[in-house]
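S.K.: Encoded as structure tokens, here's the structure I'll be asking about.
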Amino acid sequence: MSIETIKWVKGCARIIDQTKLPNKFEYIYCRDVKTMWQAIKRLSVRGAPAIGVAAAFGVLLGIQKFKGQDKAKFLKLFHETCDYLATSRPTAVNLFNMLNEMRAVVTRHPHADVALLKKLLFQEAMKIFKTDQEVCRRMGDHGANLIKNGMKCLTVCNAGALATVDYGTALGVFYSAKKKAKKFSVYSCETRPLLQGARLTCWELLRQKIDTTLICDNMAASLMGKGKVDIIFAGADRIASNGDTANKIGTYMLAVLAKHHGVPFYIVAPRSTFDLEIKSGKQIPIEERKSDEVTHFAGIPTAPKGVKVYNPAFDVTPAKLISGIVTEYGIIRPPYLKNISSRLGG
């Protein structure tokens, strides 16, 4: 893949500004933790795995200008930086998991001085970055085995290179299938209200010369009813220990439709997206975003002024609607409570 969504470059985190795509390809150079926080909050960088890497890089940005060897002051700054980044978005568990990985470095080295801690934290952030690259490719290979020649696939939102370091989760399945010379096509749901499917997924897939057709979200049922969808792949922002999965709003709707029409529905997500501390999707915090994302399009009003708006960014798909969860360890199938625990460790 040639899409480097996020990368550490000469002391700063360089990210693709996804709010500008597909019309403009621009980078944001995050040189301080506040800039990174804002980039995560406004969706300049988005997608659970990419947000996790952004959080790790954000920690580096928060501590890199610390001067001196006062360890107590350094640790205070370090923990404040982690706490601050944790307030950027609530649903994607990768954000919190990667912050915990960074905190664990400090815990594992209680006697390290400031200089060594800085070095170790940098190494951990680079490890998180590299792991995402490797994990996504393994998931892609596992998921590609589900695609047969001639299949018509469907996906929602953007779970591609732009949602990870450089490859993708659900879209990584398509990239791996293409490498295996399989012939297939993809329907991309536009994904209201911010059109990540139209703006980002279609942009990615067309760059990779994958046969892609854009549809409005409310066309999915019609397509399935006509037998034009053979399999569905979606990403995830948090997966409970029982397999309930939070993903972009509209995913639950697709899963219900898939069940009715007998279409296999798969989630593609790494171990870092699982939250084994919670029992079900009822415990997943769902982010609610600003009303103008629904009432306006490109700054132009599309609804009467003053109308009430309900704008959750995610919904939860019950495990019973999910055919399988593609991970770097292979495909986990029901019963999820047992198989997630045995495969990933509970």
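Order determines the names: the first chain of the structure tokens is A, the second B, and so forth; residues in each chain are numbered 1 upward, and ligands are numbered 1 upward as they are shown.
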Could you name the residues that touch stretch 219-236 of chain A at 7 Å or less, counting only C-alpha atoms, but leaving out those on the same chain fewer than 5 positions away, as a list in words?
M.R.: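 In the requested format, the answer is Met151, Lys152, Cys153, Leu154, Thr155, Val156, Ala159, Thr169, Ala170, Thr245, Ala246, Asn247, Leu257, His261, Val263, Pro264, Phe265, Tyr266, Ile267, Val268 and Ala269 of chain A.
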S.K.: Taking 2 positions as the minimum chain separation for residues in the same chain, which residues sit within 8 Å of stretch 160-162 of chain A when counting only C-alpha atoms? Answer as a JSON list (two decimals) with C-alpha atoms, in the first residue's frame.
M.R.:
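Generated file (result35.json):
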```
[["chain", "number", "residue", "atom", "x", "y", "z"],
["A", 1, "MET", "CA", 0.00, 0.00, 0.00],
["A", 3, "ILE", "CA", -1.10, 5.28, 1.71],
["A", 4, "GLU", "CA", 0.85, 6.31, 4.81],
["A", 5, "THR", "CA", -1.97, 7.51, 7.03],
["A", 18, "GLN", "CA", -8.99, 12.99, 6.11],
["A", 45, "VAL", "CA", -7.19, 11.04, 11.87],
["A", 46, "ARG", "CA", -9.82, 8.35, 12.51],
["A", 47, "GLY", "CA", -10.32, 4.60, 12.59],
["A", 50, "ALA", "CA", -4.98, 4.66, 13.54],
["A", 158, "ASN", "CA", -13.87, 3.32, 6.01],
["A", 164, "THR", "CA", -4.88, 2.16, 10.18],
["A", 165, "VAL", "CA", -1.21, 2.89, 9.63],
["A", 166, "ASP", "CA", -1.19, 1.91, 5.96],
["A", 167, "TYR", "CA", -3.27, -1.17, 5.06],
["A", 168, "GLY", "CA", -6.65, -1.56, 6.70],
["A", 169, "THR", "CA", -8.90, -4.04, 8.46],
["A", 170, "ALA", "CA", -12.05, -4.71, 6.40],
["A", 171, "LEU", "CA", -10.52, -3.18, 3.26],
["A", 172, "GLY", "CA", -7.31, -5.03, 3.98],
["A", 200, "LEU", "CA", -12.54, 7.69, 1.87],
["A", 201, "THR", "CA", -13.35, 4.06, 1.01],
["A", 204, "GLU", "CA", -8.87, 4.08, -1.52]]
```
S.K.: Can you pull out every residue from stretch 94-201 of chain A that DSSP, working from the backbone, puts in alpha helix (DSSP H), and format the result as a VMD selection string?
M.R.: chain A and resid 94 to 108 114 to 144 170 to 179 196
S.K.: Using only C-alpha atoms, determine which residues lie at most 7 Å from stretch 212-217 of chain A, disregarding the query and same-chain residues fewer than 4 positions distant; provide the list as a list in words.
M.R.: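 The contact residues come out as Ser185, Val186, Tyr187, Ser188, Cys189, Glu190, Thr191, Ala198, Cys202, Leu205 and Leu206 of chain A.
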S.K.: Any chance you could tabulate, as JSON lines, the residues of stretch 85-119 of chain A at most 12 Å from stretch 26-35 of chain A with each one's nearest atom pair and distance in Å to one decimal, using only C-alpha atoms, in chain and rising number order?
M.R.:
```
{"residue": "A:Leu85", "atom": "CA", "partner": "A:Val33", "partner_atom": "CA", "distance": 7.9}
{"residue": "A:Ala86", "atom": "CA", "partner": "A:Val33", "partner_atom": "CA", "distance": 11.7}
{"residue": "A:Thr87", "atom": "CA", "partner": "A:Lys34", "partner_atom": "CA", "distance": 11.5}
{"residue": "A:Ser88", "atom": "CA", "partner": "A:Lys34", "partner_atom": "CA", "distance": 10.1}
```
S.K.: According to DSSP computed on the backbone, where in stretch 6-66 of chain A is there strand (DSSP E or B)? Give the residues as a list of chain:residue names.
M.R.: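 Taking stretch 6-66 of chain A and keeping strand (DSSP E or B) only, one gets A:Ile6, A:Lys7, A:Trp8, A:Val9, A:Cys12, A:Ala13, A:Arg14, A:Ile15, A:Ile16, A:Tyr27, A:Ile28, A:Tyr29, A:Cys30.
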S.K.: Mind pulling up the distance from atom CA of A:Lys209 to atom CA of A:Asp237?
M.R.: 27.0 Å
S.K.: Determine, using only C-alpha atoms, which residues of stretch 233-299 of chain A have any atom at most 10 Å from an atom of stretch 114-135 of chain A, and tabulate each with its shortest atom pair and distance in Å to one decimal place, rows ordered by chain and then rising number, as a Markdown table.
M.R.:
```
| residue | atom | partner | partner_atom | distance |
| --- | --- | --- | --- | --- |
| A:Ala269 | CA | A:Val135 | CA | 9.4 |
| A:Pro270 | CA | A:Val135 | CA | 6.9 |
| A:Arg271 | CA | A:Val135 | CA | 8.9 |
| A:Ser272 | CA | A:Asp132 | CA | 9.4 |
```
S.K.: Go ahead and dump the residues you just picked, C-alpha atoms, as a compact mmCIF listing (two decimals), in the first residue's frame.
M.R.:
```
# COMPACT_ATOMS: atom_id res chain seq x y z
CA ALA A 269 -10.54 -6.16 13.80
CA PRO A 270 -7.25 -6.71 15.65
CA ARG A 271 -6.78 -7.90 19.23
CA SER A 272 -6.30 -4.28 20.29
```
S.K.: At a cut-off of 6 Å, using only C-alpha atoms, what residues contact stretch 139-149 of chain A? Leave out same-chain residues fewer than 3 positions from it and give the result as a VMD selection string.
M.R.: chain A and resid 136 172 to 173 176 to 177 182 to 184 327 to 328 330
S.K.: Near A:Val316, within 9 Å and counting only C-alpha atoms, which residues show up once chain neighbours fewer than 4 positions away are dropped, as a ChimeraX atom specification?
M.R.: /A:244-249,251-252,281-282,284,286
S.K.: Record the distance separating atom CA of A:Arg343 and atom CA of A:Ile331, expressed in Å with one decimal.
M.R.: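 Atom-to-atom, atom CA of A:Arg343 to atom CA of A:Ile331, that is 9.6 Å.
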S.K.: Which residues are close to A:Asn311, i.e. within 12 Å by only C-alpha atoms, leaving aside same-chain residues fewer than 5 positions away? Reply as a PDB file with all heavy atoms, in the first residue's frame.
M.R.:
```pdb
ATOM      1  N   ARG A 192     -23.573   7.984   5.962  1.00  0.00           N
ATOM      2  CA  ARG A 192     -24.030   9.250   6.528  1.00  0.00           C
ATOM      3  C   ARG A 192     -23.732   9.282   8.033  1.00  0.00           C
ATOM      4  O   ARG A 192     -23.685   8.227   8.667  1.00  0.00           O
ATOM      5  CB  ARG A 192     -25.547   9.402   6.295  1.00  0.00           C
ATOM      6  CG  ARG A 192     -25.902   9.818   4.883  1.00  0.00           C
ATOM      7  CD  ARG A 192     -25.639  11.289   4.621  1.00  0.00           C
ATOM      8  NE  ARG A 192     -26.541  12.135   5.421  1.00  0.00           N
ATOM      9  CZ  ARG A 192     -26.234  13.387   5.790  1.00  0.00           C
ATOM     10  NH1 ARG A 192     -25.072  13.902   5.469  1.00  0.00           N
ATOM     11  NH2 ARG A 192     -27.092  14.086   6.500  1.00  0.00           N
ATOM     12  N   PRO A 193     -23.500  10.475   8.639  1.00  0.00           N
ATOM     13  CA  PRO A 193     -23.634  11.778   7.982  1.00  0.00           C
ATOM     14  C   PRO A 193     -22.335  12.347   7.385  1.00  0.00           C
ATOM     15  O   PRO A 193     -22.374  13.343   6.674  1.00  0.00           O
ATOM     16  CB  PRO A 193     -24.093  12.670   9.129  1.00  0.00           C
ATOM     17  CG  PRO A 193     -23.416  12.100  10.326  1.00  0.00           C
ATOM     18  CD  PRO A 193     -23.418  10.597  10.110  1.00  0.00           C
ATOM     19  N   LEU A 194     -21.176  11.749   7.662  1.00  0.00           N
ATOM     20  CA  LEU A 194     -19.909  12.344   7.225  1.00  0.00           C
ATOM     21  C   LEU A 194     -19.307  11.671   5.992  1.00  0.00           C
ATOM     22  O   LEU A 194     -18.209  12.018   5.570  1.00  0.00           O
ATOM     23  CB  LEU A 194     -18.897  12.340   8.374  1.00  0.00           C
ATOM     24  CG  LEU A 194     -19.301  13.219   9.566  1.00  0.00           C
ATOM     25  CD1 LEU A 194     -18.238  13.167  10.663  1.00  0.00           C
ATOM     26  CD2 LEU A 194     -19.525  14.665   9.132  1.00  0.00           C
ATOM     27  N   LYS A 248     -19.205   2.055  13.122  1.00  0.00           N
ATOM     28  CA  LYS A 248     -19.865   3.254  12.611  1.00  0.00           C
ATOM     29  C   LYS A 248     -21.372   3.052  12.507  1.00  0.00           C
ATOM     30  O   LYS A 248     -21.848   1.988  12.108  1.00  0.00           O
ATOM     31  CB  LYS A 248     -19.279   3.612  11.247  1.00  0.00           C
ATOM     32  CG  LYS A 248     -19.834   4.882  10.622  1.00  0.00           C
ATOM     33  CD  LYS A 248     -19.650   6.094  11.543  1.00  0.00           C
ATOM     34  CE  LYS A 248     -18.207   6.353  11.904  1.00  0.00           C
ATOM     35  NZ  LYS A 248     -18.049   7.476  12.853  1.00  0.00           N
ATOM     36  N   ILE A 249     -22.108   4.080  12.851  1.00  0.00           N
ATOM     37  CA  ILE A 249     -23.564   4.032  12.808  1.00  0.00           C
ATOM     38  C   ILE A 249     -24.031   3.546  11.420  1.00  0.00           C
ATOM     39  O   ILE A 249     -23.542   4.005  10.387  1.00  0.00           O
ATOM     40  CB  ILE A 249     -24.168   5.423  13.137  1.00  0.00           C
ATOM     41  CG1 ILE A 249     -25.669   5.344  13.350  1.00  0.00           C
ATOM     42  CG2 ILE A 249     -23.778   6.456  12.097  1.00  0.00           C
ATOM     43  CD1 ILE A 249     -26.061   4.751  14.665  1.00  0.00           C
ATOM     44  N   GLY A 250     -24.938   2.592  11.428  1.00  0.00           N
ATOM     45  CA  GLY A 250     -25.402   1.981  10.193  1.00  0.00           C
ATOM     46  C   GLY A 250     -24.955   0.542  10.042  1.00  0.00           C
ATOM     47  O   GLY A 250     -25.533  -0.219   9.257  1.00  0.00           O
ATOM     48  N   ILE A 286     -20.996   5.173  23.703  1.00  0.00           N
ATOM     49  CA  ILE A 286     -21.256   5.600  22.330  1.00  0.00           C
ATOM     50  C   ILE A 286     -21.127   7.115  22.229  1.00  0.00           C
ATOM     51  O   ILE A 286     -21.847   7.862  22.899  1.00  0.00           O
ATOM     52  CB  ILE A 286     -22.653   5.158  21.866  1.00  0.00           C
ATOM     53  CG1 ILE A 286     -22.769   3.623  21.914  1.00  0.00           C
ATOM     54  CG2 ILE A 286     -22.930   5.677  20.457  1.00  0.00           C
ATOM     55  CD1 ILE A 286     -21.800   2.884  21.014  1.00  0.00           C
ATOM     56  N   GLU A 287     -20.221   7.540  21.399  1.00  0.00           N
ATOM     57  CA  GLU A 287     -19.981   8.972  21.202  1.00  0.00           C
ATOM     58  C   GLU A 287     -21.153   9.620  20.466  1.00  0.00           C
ATOM     59  O   GLU A 287     -21.614   9.109  19.453  1.00  0.00           O
ATOM     60  CB  GLU A 287     -18.695   9.161  20.389  1.00  0.00           C
ATOM     61  CG  GLU A 287     -18.392  10.608  20.022  1.00  0.00           C
ATOM     62  CD  GLU A 287     -17.163  10.724  19.132  1.00  0.00           C
ATOM     63  OE1 GLU A 287     -16.620   9.678  18.696  1.00  0.00           O
ATOM     64  OE2 GLU A 287     -16.754  11.863  18.862  1.00  0.00           O
ATOM     65  N   GLU A 288     -21.610  10.748  20.979  1.00  0.00           N
ATOM     66  CA  GLU A 288     -22.598  11.561  20.267  1.00  0.00           C
ATOM     67  C   GLU A 288     -21.911  12.837  19.796  1.00  0.00           C
ATOM     68  O   GLU A 288     -21.244  13.517  20.577  1.00  0.00           O
ATOM     69  CB  GLU A 288     -23.800  11.873  21.162  1.00  0.00           C
ATOM     70  CG  GLU A 288     -24.641  10.641  21.439  1.00  0.00           C
ATOM     71  CD  GLU A 288     -26.030  10.977  21.956  1.00  0.00           C
ATOM     72  OE1 GLU A 288     -26.569  12.035  21.568  1.00  0.00           O
ATOM     73  OE2 GLU A 288     -26.567  10.177  22.746  1.00  0.00           O
ATOM     74  N   ARG A 289     -22.077  13.152  18.529  1.00  0.00           N
ATOM     75  CA  ARG A 289     -21.361  14.272  17.936  1.00  0.00           C
ATOM     76  C   ARG A 289     -22.290  15.449  17.652  1.00  0.00           C
ATOM     77  O   ARG A 289     -23.489  15.374  17.853  1.00  0.00           O
ATOM     78  CB  ARG A 289     -20.641  13.801  16.668  1.00  0.00           C
ATOM     79  CG  ARG A 289     -19.564  12.744  16.990  1.00  0.00           C
ATOM     80  CD  ARG A 289     -18.798  12.326  15.760  1.00  0.00           C
ATOM     81  NE  ARG A 289     -18.081  13.418  15.133  1.00  0.00           N
ATOM     82  CZ  ARG A 289     -16.891  13.866  15.532  1.00  0.00           C
ATOM     83  NH1 ARG A 289     -16.287  13.325  16.579  1.00  0.00           N
ATOM     84  NH2 ARG A 289     -16.295  14.846  14.885  1.00  0.00           N
ATOM     85  N   LYS A 290     -21.702  16.526  17.178  1.00  0.00           N
ATOM     86  CA  LYS A 290     -22.425  17.784  17.002  1.00  0.00           C
ATOM     87  C   LYS A 290     -23.562  17.662  15.988  1.00  0.00           C
ATOM     88  O   LYS A 290     -23.475  16.925  15.007  1.00  0.00           O
ATOM     89  CB  LYS A 290     -21.461  18.876  16.550  1.00  0.00           C
ATOM     90  CG  LYS A 290     -20.396  19.216  17.559  1.00  0.00           C
ATOM     91  CD  LYS A 290     -19.557  20.393  17.092  1.00  0.00           C
ATOM     92  CE  LYS A 290     -18.811  20.080  15.812  1.00  0.00           C
ATOM     93  NZ  LYS A 290     -17.950  21.217  15.374  1.00  0.00           N
ATOM     94  N   SER A 291     -24.616  18.420  16.236  1.00  0.00           N
ATOM     95  CA  SER A 291     -25.811  18.352  15.386  1.00  0.00           C
ATOM     96  C   SER A 291     -25.558  18.836  13.967  1.00  0.00           C
ATOM     97  O   SER A 291     -26.205  18.377  13.022  1.00  0.00           O
ATOM     98  CB  SER A 291     -26.943  19.170  16.007  1.00  0.00           C
ATOM     99  OG  SER A 291     -26.580  20.532  16.114  1.00  0.00           O
ATOM    100  N   ASP A 292     -24.593  19.751  13.785  1.00  0.00           N
ATOM    101  CA  ASP A 292     -24.404  20.307  12.441  1.00  0.00           C
ATOM    102  C   ASP A 292     -23.828  19.278  11.457  1.00  0.00           C
ATOM    103  O   ASP A 292     -23.861  19.495  10.248  1.00  0.00           O
ATOM    104  CB  ASP A 292     -23.547  21.568  12.467  1.00  0.00           C
ATOM    105  CG  ASP A 292     -22.143  21.337  13.001  1.00  0.00           C
ATOM    106  OD1 ASP A 292     -21.772  20.186  13.266  1.00  0.00           O
ATOM    107  OD2 ASP A 292     -21.404  22.335  13.176  1.00  0.00           O
ATOM    108  N   GLU A 293     -23.322  18.152  11.958  1.00  0.00           N
ATOM    109  CA  GLU A 293     -22.904  17.104  11.042  1.00  0.00           C
ATOM    110  C   GLU A 293     -24.102  16.522  10.295  1.00  0.00           C
ATOM    111  O   GLU A 293     -23.952  16.010   9.180  1.00  0.00           O
ATOM    112  CB  GLU A 293     -22.179  15.982  11.809  1.00  0.00           C
ATOM    113  CG  GLU A 293     -20.838  16.397  12.388  1.00  0.00           C
ATOM    114  CD  GLU A 293     -20.156  15.266  13.145  1.00  0.00           C
ATOM    115  OE1 GLU A 293     -20.802  14.231  13.382  1.00  0.00           O
ATOM    116  OE2 GLU A 293     -18.973  15.437  13.506  1.00  0.00           O
ATOM    117  N   VAL A 294     -25.278  16.618  10.892  1.00  0.00           N
ATOM    118  CA  VAL A 294     -26.504  16.108  10.279  1.00  0.00           C
ATOM    119  C   VAL A 294     -27.284  17.212   9.574  1.00  0.00           C
ATOM    120  O   VAL A 294     -27.856  16.998   8.499  1.00  0.00           O
ATOM    121  CB  VAL A 294     -27.402  15.436  11.341  1.00  0.00           C
ATOM    122  CG1 VAL A 294     -28.719  14.974  10.741  1.00  0.00           C
ATOM    123  CG2 VAL A 294     -26.672  14.247  11.976  1.00  0.00           C
ATOM    124  N   THR A 295     -27.303  18.409  10.158  1.00  0.00           N
ATOM    125  CA  THR A 295     -28.124  19.494   9.621  1.00  0.00           C
ATOM    126  C   THR A 295     -27.448  20.282   8.507  1.00  0.00           C
ATOM    127  O   THR A 295     -28.090  21.104   7.851  1.00  0.00           O
ATOM    128  CB  THR A 295     -28.508  20.480  10.737  1.00  0.00           C
ATOM    129  OG1 THR A 295     -27.317  21.045  11.304  1.00  0.00           O
ATOM    130  CG2 THR A 295     -29.309  19.787  11.833  1.00  0.00           C
TER     131      THR A 295
END
```
S.K.: Tell me which of A:Trp203, A:Phe66, A:Phe74, A:Tyr329 sits closest to A:Lys24, counting only C-alpha atoms.
M.R.: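 Looking only at the distances to A:Lys24, the closest residue turns out to be A:Trp203.
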